[in-house]
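Take a look at the structure below.
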Number of protein chains: 2
Amino acid sequence: MITAASNSRIKRLVQLNQKSKLRRTEDVFLAEGVKMFLEAPREQLQEVYVSESFLEKCSCREHLEEVGYEVVSDSVFSKISDTCTPQGVLCVLKQFHYNIEEMLRDKAPLFLLLENIQDPGNLGTMLRTGEGAGVSGIIMSRDTVDLYNPKVIRSTMGSIYRVPFYYADDFAAAVHQVQQAGVSVYAAHLRGKNSYACQDYTKGTAFLIGNEGNGLREETAELADCYIRIPMEGKVESLNAAVASSILMYEAHRQRATLEK
Amino acid sequence: MITAASNSRIKRLVQLNQKSKLRRTEDVFLAEGVKMFLEAPREQLQEVYVSESFLEKCSCREHLEEVGYEVVSDSVFSKISDTCTPQGVLCVLKQFHYNIEEMLRDKAPLFLLLENIQDPGNLGTMLRTGEGAGVSGIIMSRDTVDLYNPKVIRSTMGSIYRVPFYYADDFAAAVHQVQQAGVSVYAAHLRGKNSYACQDYTKGTAFLIGNEGNGLREETAELADCYIRIPMEGKVESLNAAVASSILMYEAHRQRATLEK
């Protein structure tokens with residue numbers, strides 16, 4: 001059992017929680033909690049750490065034995081945990097490497113194209129809702145918050161294991177690539193005159209969503225095939241970015257489900 | 001100018017930020033930031049505090065002069081602010097007092113009925129999206145997080161000033177009252193067999209949403225006229241409560257907009 005916070009493996013875990021660059025260099029990320037442990041794809045799983053008290057009372061011991069684990073004292077676990085009340089299990093996993101070509105294999109692909117989303121909770125929620133709505137993948141500009149940030153991972157509720165995603169160094173080129181494959185790109189934009197609900201999303205569809213405070217950059221918005229807007233009553237000027245994305249993705253899901261009938 | 005954090009008015013503001021009970025006793029709440037100040041209904045506004053440096057560079061001086069304000073030093077302002085990077089303006093406002101009868105005056109009312117929502121960000125987002133989707137009001141069980149919590153207020157983006165809401169001591173009675181007025185109550189429930197998208201929300205409609213982790217209490221779910229579910233692909237077990245509410249409210253909005261055409 002590891003009982004010293006000064007242990008080099010513990011120090012590394014603390015740094016992996018905090019440093020996006022180190023995660024990238026090592027090509028790993030951390031995922032915490034029972035659900036995240038149980039749903040972790042076996043082929044990605046590299047190390048598992050459990051706290052002493054978690055091991056005593058956990059109901060997933062069999063699963064732990066199968067994959068192997070390291071016990072750390074409760075006080076050490078609180079150092080490597082990103083939460084105030086840790087559940088007591090933390091995994092080190094290999095990062096995922098998807099490419100856009102794979103995502104385009106779906107018959108009528110559905111994409112979320114995200115530019116410079118900054119709130120970890122928003123990005124995590126978009127992944128979670130995206131899986132629910134059946135997206136083919138999520139493509140992000142390089143300046144979007146790191147998906148392997150512990151706060152993002154937590155709010156994905158496991159969807160990070162299953163939704164393909166891609167950070168594009170050249171976001172405009174990625175948008176073009178999707179369009180070249182016959183996917184229509186709809187930009188959620190205040191300048192949009194068409195209600196989102198009047199468009200046909202049953203064919204290849206991508207929703208282009210901009211930064212929480214500033215929306216899409218002018219040059220990015222211009223890439224879109226069509227501007228759409230979500231109508232708003234009262235004095236609401238905009239919706240939360242995760243909410244807006246969810247409404248759009250589920251409208252696409254609704255239309256596709258209706259079509260199948 | 002107030003320069004001492006020990007000033008009794010400053011101490012009161014700090015407490016009003018932290019204590020739901022004190023807010024209720026005094027029948028007031030705090031709202032921070034330029035947007036919240038500019039959108040504050042004049043008849044609710046009781047006091048305005050600005051930081052020294054805000055006053056120097058602000059563009060709303062005329063508006064400030066009209067309503068009257070008190071200047072505090074920047075260091076004192078940081079004490080009364082709930083944020084890490086305060087904008088420098090904070091208002092004390094009278095609490096709102098709505099009743100369900102008023103909300104029922106809409107021709108085809110649209111309600112959100114919330115049981116025990118705990119996340120301030122979720123509740124604030126529901127109010128914001130609710131205003132956008134044109135809800136008549138939001139009715140909450142008494143154990144729902146306090147809407148006057150500074151985190152909720154911030155995430156409403158001003159909608160707290162405009163969306164009618166009501167905390168029901170007897171939540172079941174409130175649900176009955178809405179039903180008695182001819183409003184159909186739809187519970188978002190895992191047991192729901194009907195997709196949310198197959199129902200007609202053009203008449204009086206209320207969506208019953210439960211706690212983030214546990215969903216609706218059994219006895220509350222039983223009050224519903226109909227169980228609905230949001231279909232989910234992949235391995236998603238549930239959606240974020242604010243996201244689920246938004247999808248439902250905007251489906252009602254979509255149907256109503258289509259009907260008007």
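Going by the structure tokens order, chains are called A, B, ..., each with residues numbered from 1, while ligands are numbered from 1 in the order shown.
Around Lys11 in chain A, within 12 Å and counting only C-alpha atoms, the residues found are Ile2, Ala4, Ala5, Asn17, Gln18, Val76, Phe77, Lys79, Ile80 and Ser81 of chain A, once anything fewer than 6 positions away on its own chain is removed.
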Please run DSSP on the backbone and report, as a list in words, all residues within range 184-252 of chain A that come out as strand (DSSP E or B).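 The strand (DSSP E or B) subset of range 184-252 of chain A is Ser184, Val185, Tyr186, Ala187, Ala188, Asn194, Ser195, Thr205, Ala206, Phe207, Leu208, Ile209, Asn211, Gly215, Cys226, Tyr227, Ile228 and Arg229 of chain A.
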Dump C-alpha atoms for the selected residues as an mmCIF file, in the first residue's frame?
data_model
loop_
_atom_site.group_PDB
_atom_site.id
_atom_site.type_symbol
_atom_site.label_atom_id
_atom_site.label_comp_id
_atom_site.auth_asym_id
_atom_site.auth_seq_id
_atom_site.Cartn_x
_atom_site.Cartn_y
_atom_site.Cartn_z
ATOM 1 C CA SER A 184 -24.691 20.098 -44.354
ATOM 2 C CA VAL A 185 -23.248 22.471 -41.787
ATOM 3 C CA TYR A 186 -25.757 24.526 -39.777
ATOM 4 C CA ALA A 187 -24.411 27.387 -37.690
ATOM 5 C CA ALA A 188 -26.332 28.399 -34.587
ATOM 6 C CA ASN A 194 -34.490 30.303 -40.164
ATOM 7 C CA SER A 195 -35.833 28.606 -37.082
ATOM 8 C CA THR A 205 -25.932 17.080 -40.571
ATOM 9 C CA ALA A 206 -23.439 19.062 -38.525
ATOM 10 C CA PHE A 207 -24.190 21.767 -35.949
ATOM 11 C CA LEU A 208 -21.566 24.463 -35.577
ATOM 12 C CA ILE A 209 -21.524 25.909 -32.042
ATOM 13 C CA ASN A 211 -17.824 29.992 -27.601
ATOM 14 C CA GLY A 215 -20.375 32.860 -30.204
ATOM 15 C CA CYS A 226 -26.990 27.654 -43.439
ATOM 16 C CA TYR A 227 -27.544 29.891 -40.411
ATOM 17 C CA ILE A 228 -30.217 28.788 -38.004
ATOM 18 C CA ARG A 229 -31.587 30.198 -34.801
#
Non-local contacts of Val135 in chain B (10 Å; only C-alpha atoms; under 3 positions in same chain excluded) as a ChimeraX atom specification: /A:233-234 /B:103,106,108-112,127,129-132,138,163-164,205-206,249-250,252-253
Write a file of the selected residues as a PDB file, in the first residue's frame, keeping N, CA and C atoms.
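What landed in again.pdb:
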ATOM      1  N   GLU A 233     -38.308  33.474 -26.545  1.00  0.00           N
ATOM      2  CA  GLU A 233     -39.336  34.395 -26.042  1.00  0.00           C
ATOM      3  C   GLU A 233     -38.700  35.314 -24.993  1.00  0.00           C
ATOM      4  N   GLY A 234     -39.490  36.258 -24.512  1.00  0.00           N
ATOM      5  CA  GLY A 234     -39.048  37.139 -23.436  1.00  0.00           C
ATOM      6  C   GLY A 234     -37.845  37.958 -23.845  1.00  0.00           C
TER       7      GLY A 234
ATOM      8  N   MET B 103     -50.194  32.323 -12.902  1.00  0.00           N
ATOM      9  CA  MET B 103     -49.513  31.569 -13.954  1.00  0.00           C
ATOM     10  C   MET B 103     -50.518  30.842 -14.847  1.00  0.00           C
ATOM     11  N   ASP B 106     -52.493  32.190 -18.545  1.00  0.00           N
ATOM     12  CA  ASP B 106     -52.122  32.002 -19.956  1.00  0.00           C
ATOM     13  C   ASP B 106     -53.132  31.083 -20.636  1.00  0.00           C
ATOM     14  N   ALA B 108     -52.831  28.675 -23.039  1.00  0.00           N
ATOM     15  CA  ALA B 108     -52.380  27.276 -22.964  1.00  0.00           C
ATOM     16  C   ALA B 108     -51.091  27.290 -22.147  1.00  0.00           C
ATOM     17  N   PRO B 109     -51.231  27.256 -20.827  1.00  0.00           N
ATOM     18  CA  PRO B 109     -50.045  27.446 -19.982  1.00  0.00           C
ATOM     19  C   PRO B 109     -49.003  26.350 -20.191  1.00  0.00           C
ATOM     20  N   LEU B 110     -47.760  26.722 -19.974  1.00  0.00           N
ATOM     21  CA  LEU B 110     -46.653  25.769 -20.069  1.00  0.00           C
ATOM     22  C   LEU B 110     -45.865  25.869 -18.755  1.00  0.00           C
ATOM     23  N   PHE B 111     -45.747  24.722 -18.071  1.00  0.00           N
ATOM     24  CA  PHE B 111     -45.105  24.730 -16.760  1.00  0.00           C
ATOM     25  C   PHE B 111     -43.904  23.793 -16.692  1.00  0.00           C
ATOM     26  N   LEU B 112     -42.995  24.148 -15.818  1.00  0.00           N
ATOM     27  CA  LEU B 112     -41.971  23.213 -15.376  1.00  0.00           C
ATOM     28  C   LEU B 112     -42.281  22.966 -13.906  1.00  0.00           C
ATOM     29  N   LEU B 127     -34.440  28.129 -15.631  1.00  0.00           N
ATOM     30  CA  LEU B 127     -35.167  29.403 -15.684  1.00  0.00           C
ATOM     31  C   LEU B 127     -34.860  30.136 -16.987  1.00  0.00           C
ATOM     32  N   THR B 129     -33.674  28.918 -19.888  1.00  0.00           N
ATOM     33  CA  THR B 129     -34.264  28.244 -21.042  1.00  0.00           C
ATOM     34  C   THR B 129     -35.788  28.345 -20.992  1.00  0.00           C
ATOM     35  N   GLY B 130     -36.331  28.290 -19.779  1.00  0.00           N
ATOM     36  CA  GLY B 130     -37.785  28.398 -19.601  1.00  0.00           C
ATOM     37  C   GLY B 130     -38.307  29.714 -20.157  1.00  0.00           C
ATOM     38  N   GLU B 131     -37.615  30.796 -19.858  1.00  0.00           N
ATOM     39  CA  GLU B 131     -38.045  32.083 -20.420  1.00  0.00           C
ATOM     40  C   GLU B 131     -37.990  32.023 -21.944  1.00  0.00           C
ATOM     41  N   GLY B 132     -36.887  31.456 -22.474  1.00  0.00           N
ATOM     42  CA  GLY B 132     -36.739  31.346 -23.927  1.00  0.00           C
ATOM     43  C   GLY B 132     -37.858  30.541 -24.571  1.00  0.00           C
ATOM     44  N   ILE B 138     -42.634  28.375 -13.178  1.00  0.00           N
ATOM     45  CA  ILE B 138     -41.896  27.220 -12.684  1.00  0.00           C
ATOM     46  C   ILE B 138     -42.330  26.986 -11.242  1.00  0.00           C
ATOM     47  N   VAL B 163     -39.299  35.360 -15.107  1.00  0.00           N
ATOM     48  CA  VAL B 163     -40.064  34.104 -15.093  1.00  0.00           C
ATOM     49  C   VAL B 163     -40.763  33.930 -13.743  1.00  0.00           C
ATOM     50  N   PRO B 164     -42.086  33.820 -13.729  1.00  0.00           N
ATOM     51  CA  PRO B 164     -42.795  33.584 -12.475  1.00  0.00           C
ATOM     52  C   PRO B 164     -42.416  32.226 -11.883  1.00  0.00           C
ATOM     53  N   THR B 205     -49.786  22.384 -20.699  1.00  0.00           N
ATOM     54  CA  THR B 205     -48.787  21.325 -20.531  1.00  0.00           C
ATOM     55  C   THR B 205     -47.863  21.621 -19.349  1.00  0.00           C
ATOM     56  N   ALA B 206     -47.561  20.579 -18.579  1.00  0.00           N
ATOM     57  CA  ALA B 206     -46.568  20.733 -17.504  1.00  0.00           C
ATOM     58  C   ALA B 206     -45.612  19.556 -17.548  1.00  0.00           C
ATOM     59  N   MET B 249     -39.191  21.429 -23.081  1.00  0.00           N
ATOM     60  CA  MET B 249     -39.812  22.754 -23.224  1.00  0.00           C
ATOM     61  C   MET B 249     -39.735  23.240 -24.665  1.00  0.00           C
ATOM     62  N   TYR B 250     -38.614  22.980 -25.332  1.00  0.00           N
ATOM     63  CA  TYR B 250     -38.487  23.446 -26.710  1.00  0.00           C
ATOM     64  C   TYR B 250     -39.279  22.583 -27.696  1.00  0.00           C
ATOM     65  N   ALA B 252     -42.262  21.557 -26.894  1.00  0.00           N
ATOM     66  CA  ALA B 252     -43.565  22.224 -26.736  1.00  0.00           C
ATOM     67  C   ALA B 252     -43.568  23.529 -27.538  1.00  0.00           C
ATOM     68  N   HIS B 253     -42.501  24.281 -27.459  1.00  0.00           N
ATOM     69  CA  HIS B 253     -42.405  25.544 -28.185  1.00  0.00           C
ATOM     70  C   HIS B 253     -42.485  25.316 -29.696  1.00  0.00           C
TER      71      HIS B 253
END
Please find the residues of chain B near chain A - the criterion being any atom within 10 Å, counting only C-alpha atoms - and write them as JSON, numbers by chain. {"B": [39, 125, 126, 128, 129, 130, 131, 132, 133, 134, 135, 155, 156, 157, 158, 159, 162, 163, 195, 196, 197, 198, 230, 231, 232, 233, 234, 235, 236, 237, 238, 239, 240, 242, 243, 244, 245, 246, 247, 248, 249, 250, 251, 253, 254, 255, 257, 258]}
Can you pull out the residues contacting Pro150 in chain A? Cut-off 12 Å, using only C-alpha atoms, and skip same-chain residues under 3 positions away; I want them as a PyMOL selection string. chain A and resi 13-20+23+29-33+36+80-83+90-92+120-121+123-124+145-147+153-157+160
Store the residues picked out above, limited to N, CA and C atoms, as a JSON list (two decimals), in the first residue's frame.
[["chain", "number", "residue", "atom", "x", "y", "z"],
["A", 13, "LEU", "N", 0.38, 11.23, -10.58],
["A", 13, "LEU", "CA", -1.08, 11.27, -10.72],
["A", 13, "LEU", "C", -1.63, 12.68, -10.44],
["A", 14, "VAL", "N", -1.08, 13.32, -9.40],
["A", 14, "VAL", "CA", -1.50, 14.69, -9.09],
["A", 14, "VAL", "C", -1.26, 15.59, -10.30],
["A", 15, "GLN", "N", -0.10, 15.42, -10.92],
["A", 15, "GLN", "CA", 0.22, 16.25, -12.08],
["A", 15, "GLN", "C", -0.66, 15.92, -13.28],
["A", 16, "LEU", "N", -0.98, 14.64, -13.43],
["A", 16, "LEU", "CA", -1.84, 14.25, -14.56],
["A", 16, "LEU", "C", -3.22, 14.88, -14.43],
["A", 17, "ASN", "N", -3.68, 15.06, -13.18],
["A", 17, "ASN", "CA", -4.97, 15.71, -12.96],
["A", 17, "ASN", "C", -4.93, 17.16, -13.40],
["A", 18, "GLN", "N", -3.78, 17.79, -13.19],
["A", 18, "GLN", "CA", -3.69, 19.23, -13.38],
["A", 18, "GLN", "C", -3.20, 19.65, -14.76],
["A", 19, "LYS", "N", -2.35, 18.83, -15.37],
["A", 19, "LYS", "CA", -1.65, 19.30, -16.56],
["A", 19, "LYS", "C", -2.04, 18.61, -17.86],
["A", 20, "SER", "N", -2.72, 19.38, -18.68],
["A", 20, "SER", "CA", -3.17, 18.90, -19.97],
["A", 20, "SER", "C", -1.98, 18.45, -20.83],
["A", 23, "ARG", "N", -0.61, 15.09, -19.77],
["A", 23, "ARG", "CA", -1.52, 14.04, -20.25],
["A", 23, "ARG", "C", -1.25, 13.73, -21.71],
["A", 29, "PHE", "N", -5.05, 9.60, -19.60],
["A", 29, "PHE", "CA", -5.90, 10.50, -18.82],
["A", 29, "PHE", "C", -6.41, 9.75, -17.60],
["A", 30, "LEU", "N", -6.98, 10.50, -16.63],
["A", 30, "LEU", "CA", -7.49, 9.90, -15.41],
["A", 30, "LEU", "C", -9.02, 9.91, -15.42],
["A", 31, "ALA", "N", -9.60, 8.86, -14.88],
["A", 31, "ALA", "CA", -11.06, 8.83, -14.72],
["A", 31, "ALA", "C", -11.36, 8.28, -13.34],
["A", 32, "GLU", "N", -12.25, 8.97, -12.64],
["A", 32, "GLU", "CA", -12.51, 8.66, -11.23],
["A", 32, "GLU", "C", -13.91, 8.18, -10.98],
["A", 33, "GLY", "N", -14.08, 7.34, -9.96],
["A", 33, "GLY", "CA", -15.41, 6.91, -9.54],
["A", 33, "GLY", "C", -15.74, 5.51, -10.02],
["A", 36, "MET", "N", -17.16, 5.16, -13.68],
["A", 36, "MET", "CA", -16.10, 5.36, -14.68],
["A", 36, "MET", "C", -15.17, 4.14, -14.71],
["A", 80, "ILE", "N", -4.84, 12.47, -4.84],
["A", 80, "ILE", "CA", -4.91, 12.17, -6.27],
["A", 80, "ILE", "C", -6.32, 12.38, -6.83],
["A", 81, "SER", "N", -7.29, 12.59, -5.92],
["A", 81, "SER", "CA", -8.65, 12.78, -6.38],
["A", 81, "SER", "C", -8.89, 14.24, -6.75],
["A", 82, "ASP", "N", -9.75, 14.45, -7.73],
["A", 82, "ASP", "CA", -10.09, 15.80, -8.15],
["A", 82, "ASP", "C", -11.37, 16.28, -7.46],
["A", 83, "THR", "N", -12.00, 15.43, -6.64],
["A", 83, "THR", "CA", -13.27, 15.80, -6.02],
["A", 83, "THR", "C", -13.11, 15.98, -4.51],
["A", 90, "LEU", "N", -9.73, 5.25, -8.91],
["A", 90, "LEU", "CA", -9.23, 6.12, -9.97],
["A", 90, "LEU", "C", -8.47, 5.28, -11.00],
["A", 91, "CYS", "N", -8.73, 5.53, -12.27],
["A", 91, "CYS", "CA", -8.08, 4.76, -13.33],
["A", 91, "CYS", "C", -7.18, 5.67, -14.16],
["A", 92, "VAL", "N", -6.09, 5.08, -14.65],
["A", 92, "VAL", "CA", -5.28, 5.73, -15.67],
["A", 92, "VAL", "C", -5.59, 5.00, -16.97],
["A", 120, "PRO", "N", -15.81, 23.39, -18.85],
["A", 120, "PRO", "CA", -15.69, 21.93, -18.82],
["A", 120, "PRO", "C", -17.05, 21.23, -18.67],
["A", 121, "GLY", "N", -17.92, 21.78, -17.82],
["A", 121, "GLY", "CA", -19.24, 21.18, -17.62],
["A", 121, "GLY", "C", -20.05, 21.18, -18.92],
["A", 123, "LEU", "N", -18.85, 21.16, -22.04],
["A", 123, "LEU", "CA", -18.31, 20.19, -23.00],
["A", 123, "LEU", "C", -18.69, 18.77, -22.59],
["A", 124, "GLY", "N", -18.57, 18.46, -21.30],
["A", 124, "GLY", "CA", -18.94, 17.12, -20.83],
["A", 124, "GLY", "C", -20.41, 16.81, -21.10],
["A", 145, "VAL", "N", -11.65, 23.69, -24.60],
["A", 145, "VAL", "CA", -11.13, 23.15, -23.35],
["A", 145, "VAL", "C", -10.75, 21.66, -23.54],
["A", 146, "ASP", "N", -9.74, 21.21, -22.80],
["A", 146, "ASP", "CA", -9.27, 19.82, -22.94],
["A", 146, "ASP", "C", -10.32, 18.83, -22.46],
["A", 147, "LEU", "N", -10.69, 17.94, -23.34],
["A", 147, "LEU", "CA", -11.70, 16.93, -23.02],
["A", 147, "LEU", "C", -11.24, 15.99, -21.90],
["A", 153, "ILE", "N", -14.50, 15.08, -17.90],
["A", 153, "ILE", "CA", -14.69, 13.63, -17.83],
["A", 153, "ILE", "C", -15.84, 13.28, -16.90],
["A", 154, "ARG", "N", -15.85, 13.95, -15.73],
["A", 154, "ARG", "CA", -16.91, 13.68, -14.76],
["A", 154, "ARG", "C", -18.29, 13.98, -15.36],
["A", 155, "SER", "N", -18.41, 15.11, -16.04],
["A", 155, "SER", "CA", -19.74, 15.46, -16.54],
["A", 155, "SER", "C", -20.14, 14.70, -17.81],
["A", 156, "THR", "N", -19.22, 13.92, -18.38],
["A", 156, "THR", "CA", -19.63, 13.08, -19.52],
["A", 156, "THR", "C", -20.40, 11.86, -19.03],
["A", 157, "MET", "N", -20.28, 11.51, -17.76],
["A", 157, "MET", "CA", -20.95, 10.34, -17.18],
["A", 157, "MET", "C", -20.64, 9.06, -17.97],
["A", 160, "ILE", "N", -17.45, 9.75, -22.56],
["A", 160, "ILE", "CA", -16.11, 9.93, -23.12],
["A", 160, "ILE", "C", -15.54, 8.62, -23.65]]
As an exercise, work out the distance from CA of Leu114 in chain B to CA of Arg24 in chain B in Å and give it to one decimal place.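 If I compute the distance from CA of Leu114 in chain B to CA of Arg24 in chain B, I get 20.1 Å.
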Please report the interatomic distance between CA of Tyr148 in chain A and CA of Ser75 in chain A in Å with one decimal.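 Straight-line distance from CA of Tyr148 in chain A to CA of Ser75 in chain A works out to 24.3 Å.
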Nearest-residue call for Glu212 in chain A, choices A:Glu115, A:Glu52, A:Asp170, A:Glu260, using only C-alpha atoms: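 Closest residue, counting only C-alpha atoms: A:Glu115.
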Determine which residues of range 1-130 of chain B DSSP labels as alpha helix (DSSP H) from the backbone of this structure, then write them out as a VMD selection string. chain B and resid 8 to 18 20 to 26 34 to 39 52 to 57 61 to 67 74 to 80 100 to 103 120 to 130
Compile the contact shell of Lys94 in chain B as a PyMOL selection string: residues with an atom at most 9 Å away, counting only C-alpha atoms, same-chain residues fewer than 6 positions apart removed. chain B and resi 26-30+43-46
Next, write the just-selected residues to a file, as a PDB file, in the first residue's frame, keeping N, CA, C and O atoms as the atom set.
ATOM      1  N   GLU B  26     -35.572  38.739   5.543  1.00  0.00           N
ATOM      2  CA  GLU B  26     -35.536  40.138   5.101  1.00  0.00           C
ATOM      3  C   GLU B  26     -36.312  40.359   3.805  1.00  0.00           C
ATOM      4  O   GLU B  26     -36.468  41.499   3.364  1.00  0.00           O
ATOM      5  N   ASP B  27     -36.726  39.238   3.184  1.00  0.00           N
ATOM      6  CA  ASP B  27     -37.482  39.300   1.925  1.00  0.00           C
ATOM      7  C   ASP B  27     -36.702  40.010   0.812  1.00  0.00           C
ATOM      8  O   ASP B  27     -37.274  40.768   0.027  1.00  0.00           O
ATOM      9  N   VAL B  28     -35.391  39.750   0.777  1.00  0.00           N
ATOM     10  CA  VAL B  28     -34.554  40.371  -0.258  1.00  0.00           C
ATOM     11  C   VAL B  28     -33.603  39.334  -0.871  1.00  0.00           C
ATOM     12  O   VAL B  28     -33.493  38.212  -0.367  1.00  0.00           O
ATOM     13  N   PHE B  29     -32.952  39.708  -1.950  1.00  0.00           N
ATOM     14  CA  PHE B  29     -31.868  38.884  -2.499  1.00  0.00           C
ATOM     15  C   PHE B  29     -30.842  39.799  -3.166  1.00  0.00           C
ATOM     16  O   PHE B  29     -31.100  40.985  -3.370  1.00  0.00           O
ATOM     17  N   LEU B  30     -29.676  39.220  -3.460  1.00  0.00           N
ATOM     18  CA  LEU B  30     -28.607  39.993  -4.085  1.00  0.00           C
ATOM     19  C   LEU B  30     -28.434  39.583  -5.544  1.00  0.00           C
ATOM     20  O   LEU B  30     -28.575  38.405  -5.877  1.00  0.00           O
ATOM     21  N   GLU B  43     -38.901  48.627  -9.513  1.00  0.00           N
ATOM     22  CA  GLU B  43     -39.736  48.539  -8.311  1.00  0.00           C
ATOM     23  C   GLU B  43     -39.232  47.523  -7.283  1.00  0.00           C
ATOM     24  O   GLU B  43     -39.664  47.522  -6.143  1.00  0.00           O
ATOM     25  N   GLN B  44     -38.303  46.651  -7.731  1.00  0.00           N
ATOM     26  CA  GLN B  44     -37.751  45.663  -6.792  1.00  0.00           C
ATOM     27  C   GLN B  44     -36.439  46.152  -6.173  1.00  0.00           C
ATOM     28  O   GLN B  44     -36.006  45.651  -5.147  1.00  0.00           O
ATOM     29  N   LEU B  45     -35.811  47.106  -6.847  1.00  0.00           N
ATOM     30  CA  LEU B  45     -34.464  47.531  -6.482  1.00  0.00           C
ATOM     31  C   LEU B  45     -34.458  48.336  -5.182  1.00  0.00           C
ATOM     32  O   LEU B  45     -35.146  49.341  -5.056  1.00  0.00           O
ATOM     33  N   GLN B  46     -33.662  47.888  -4.202  1.00  0.00           N
ATOM     34  CA  GLN B  46     -33.632  48.596  -2.926  1.00  0.00           C
ATOM     35  C   GLN B  46     -32.322  49.330  -2.673  1.00  0.00           C
ATOM     36  O   GLN B  46     -32.325  50.454  -2.211  1.00  0.00           O
TER      37      GLN B  46
END
When you look at Met1 in chain B with a cut-off of 9 Å (counting only C-alpha atoms), what residues show up, excluding the ones that are within fewer than 2 positions of it in the same chain? I need them as a PyMOL selection string. chain B and resi 3+52+70-73
